[in-house]
Amino acid sequence: MRRLIERFGAMVLSGLDWVGGLTSLALRSAAAGPRRPWGIDDIAAQLVEQGIRSLPIASFMSLFIGMILAVQFGAALADFGATMKLGDASSLALVRELLPTLIALTVGAKMAAGMAAELGSMKVTEQIDAVAALGADPIKKLVWPRLVAGTMAVPLLVAWGNIIALVGGMLIGEWVYGVPAGYFYETYVDELAPIDYLQSIVKGGTFGYLVGLIGCYQGFSTKFGTEAVGKSTMETVVATSICVILADFYITILFL
């Protein structure tokens with residue numbers, strides 16, 4: 001029993017230490033980021049790396065999310081002879097919840113793991129120390145561009161995914177359930193209010209910030225050794241998934 005309590009206490013202390021380190025990095029980034037030079041080129045390069053190169057997987061996933069949800073809702077509505085309500089039923093679930101969360105859990109986790117692996121490799125090979133030795137601030141040079149790019153890229157991917165998911169739902173509605181594409185579109189859009197789009201974008205921006213913050217923190221926290229980078233990358237995916245789910249819960253409560 002004593003050993004079990006000690007292990008539980010060690011886990012709690014480790015978790016608190018991780019949250020404290022994450023908060024410290026967020027505060028240091030907020031202090032260092034707005035200072036000149038702005039680092040526009042670095043931010044643009046990270047936007048290409050995280051956003052543009054994530055478009056294919058985000059589009060593929062969004063299309064099939066829209067199609068899968070339309071199949072599920074269509075099957076349920078067909079039992080009541082209400083398949084013409086397919087657009088209404090799909091819109092809120094996709095825009096408010098499914099797309100922002102699933103894009104963050106898949107594309108966002110991929111982005112965070114890439115940051116952790118890149119920065120972890122730089123730390124192991126002492127490149128971060130070299131940046132500091134040359135007089136540059138590693139937070140400003142390495143963390144800030146990734147943080148800004150993540151915060152911008154994920155909501156943009158979510159907005160694009162909303163359009164692609166709508167197309168996927170329209171295809172299933174037209175081909176499988178006989179719902180005209182134009183009618184599906186009208187009912188889909190009419191069901192949504194501006195607050196629903198705002199909720200989707202706020203979730204995307206929050207998830208993107210968490211993706212950048214966790215990826216950079218895990219990279220900077222990588223220990224030295226042959227297995228350190230792989231372990232840090234794995235922990236990044238787990239931590240990102242947990243934090244995205246928790247943030248999704250609280251943002252949903254806030255908007256409701």
# chains A, B, ... in the order shown; residues from 1 in each chain; ligands from 1
$ closest_atom_pairs --of "stretch 45-118 of chain A" --to "stretch 172-183 of chain A" --cutoff "9 Å" --atoms "only C-alpha atoms" --output "tab-separated table"
residue	atom	partner	partner_atom	distance
A:Gly66	CA	A:Ile172	CA	8.6
A:Met67	CA	A:Ile172	CA	5.9
A:Ile68	CA	A:Ile172	CA	8.6
A:Ala70	CA	A:Ile172	CA	6.4
A:Val71	CA	A:Ile172	CA	6.8
A:Gly74	CA	A:Tyr177	CA	7.0
A:Ala75	CA	A:Tyr177	CA	8.8
A:Ala78	CA	A:Tyr177	CA	8.3
A:Thr83	CA	A:Tyr177	CA	6.7
A:Met84	CA	A:Val179	CA	5.9
A:Lys85	CA	A:Val179	CA	8.9
A:Leu86	CA	A:Gly173	CA	7.2
A:Gly87	CA	A:Tyr183	CA	8.0
$ residues_around --residues "stretch 18-28 of chain A" --least-positions-apart "3" --cutoff "7 Å" --atoms "only C-alpha atoms" --output "list in words"
Ser14, Gly15, Ala31, Ala32, Leu213 and Tyr217 of chain A
$ atom_distance --atom1 "atom CA of A:Ala109" --atom2 "atom CA of A:Thr206"
13.6 Å
$ closest_residue --among "A:Ile201, A:Val211, A:Ile164, A:Ala112" --to "A:Val244" --atoms "only C-alpha atoms"
A:Val211
$ closest_atom_pairs --of "stretch 61-132 of chain A" --to "stretch 251-255 of chain A" --cutoff "12 Å" --atoms "only C-alpha atoms" --output "tab-separated table"
residue	atom	partner	partner_atom	distance
A:Arg96	CA	A:Thr252	CA	8.5
A:Glu97	CA	A:Thr252	CA	8.4
A:Leu98	CA	A:Thr252	CA	11.9
A:Pro100	CA	A:Thr252	CA	11.6
A:Thr101	CA	A:Thr252	CA	11.2
$ write_last_selection --atoms "N, CA, C and O atoms" --output "compact mmCIF listing (two decimals), in the first residue's frame"
# COMPACT_ATOMS: atom_id res chain seq x y z
N ARG A 96 -19.53 22.29 -34.83
CA ARG A 96 -19.23 22.59 -33.44
C ARG A 96 -18.20 21.66 -32.83
O ARG A 96 -17.35 22.09 -32.06
N GLU A 97 -18.28 20.38 -33.15
CA GLU A 97 -17.55 19.40 -32.36
C GLU A 97 -16.59 18.53 -33.15
O GLU A 97 -15.38 18.52 -32.90
N LEU A 98 -17.11 17.76 -34.10
CA LEU A 98 -16.31 16.70 -34.69
C LEU A 98 -15.08 17.20 -35.43
O LEU A 98 -13.97 16.73 -35.21
N PRO A 100 -13.32 20.26 -35.50
CA PRO A 100 -12.21 20.86 -34.74
C PRO A 100 -11.46 19.84 -33.89
O PRO A 100 -10.23 19.84 -33.85
N THR A 101 -12.20 18.96 -33.22
CA THR A 101 -11.57 18.01 -32.31
C THR A 101 -10.77 16.96 -33.05
O THR A 101 -9.61 16.67 -32.70
$ closest_residue --among "A:Leu156, A:Leu47, A:Ala117, A:Leu171" --to "A:Ser221" --atoms "only C-alpha atoms"
A:Ala117
$ closest_residue --among "A:Gly120, A:Ile103, A:Ala10, A:Phe60" --to "A:Ser200" --atoms "only C-alpha atoms"
A:Ile103
$ select_by_dssp --residues "stretch 137-214 of chain A" --states "alpha helix (DSSP H)" --output "PyMOL selection string"
chain A and resi 138+144-175+181-191+194-214
$ closest_residue --among "A:Asp88, A:Ala93, A:Ala76, A:Phe220" --to "A:Asp129" --atoms "only C-alpha atoms"
A:Phe220
$ residues_around --residues "A:Leu102" --least-positions-apart "2" --cutoff "10 Å" --atoms "only C-alpha atoms" --output "list in words"
Ala58, Met61, Ser62, Ile65, Glu97, Leu98, Leu99, Pro100, Ala104, Leu105, Thr106, Val107, Gly108, Ala109, Val158, Ser241, Val244 and Ile245 of chain A
$ write_last_selection --atoms "C-alpha atoms" --output "PDB file, in the first residue's frame"
ATOM      1  CA  ALA A  58      -6.921  17.341 -43.379  1.00  0.00           C
ATOM      2  CA  MET A  61     -10.112  13.181 -43.232  1.00  0.00           C
ATOM      3  CA  SER A  62     -12.724  15.970 -43.406  1.00  0.00           C
ATOM      4  CA  ILE A  65     -15.905  12.545 -41.589  1.00  0.00           C
ATOM      5  CA  GLU A  97     -17.551  19.402 -32.359  1.00  0.00           C
ATOM      6  CA  LEU A  98     -16.306  16.698 -34.687  1.00  0.00           C
ATOM      7  CA  LEU A  99     -14.151  18.598 -37.157  1.00  0.00           C
ATOM      8  CA  PRO A 100     -12.208  20.857 -34.743  1.00  0.00           C
ATOM      9  CA  ALA A 104      -6.599  18.591 -33.609  1.00  0.00           C
ATOM     10  CA  LEU A 105      -6.292  14.959 -32.498  1.00  0.00           C
ATOM     11  CA  THR A 106      -4.862  13.793 -35.818  1.00  0.00           C
ATOM     12  CA  VAL A 107      -3.297  16.642 -37.779  1.00  0.00           C
ATOM     13  CA  GLY A 108      -2.507  18.608 -34.608  1.00  0.00           C
ATOM     14  CA  ALA A 109      -0.877  15.631 -32.919  1.00  0.00           C
ATOM     15  CA  VAL A 158     -10.738  23.601 -39.471  1.00  0.00           C
ATOM     16  CA  SER A 241      -4.546  14.315 -27.141  1.00  0.00           C
ATOM     17  CA  VAL A 244      -7.174  18.816 -26.593  1.00  0.00           C
ATOM     18  CA  ILE A 245      -9.979  16.736 -25.064  1.00  0.00           C
TER      19      ILE A 245
END
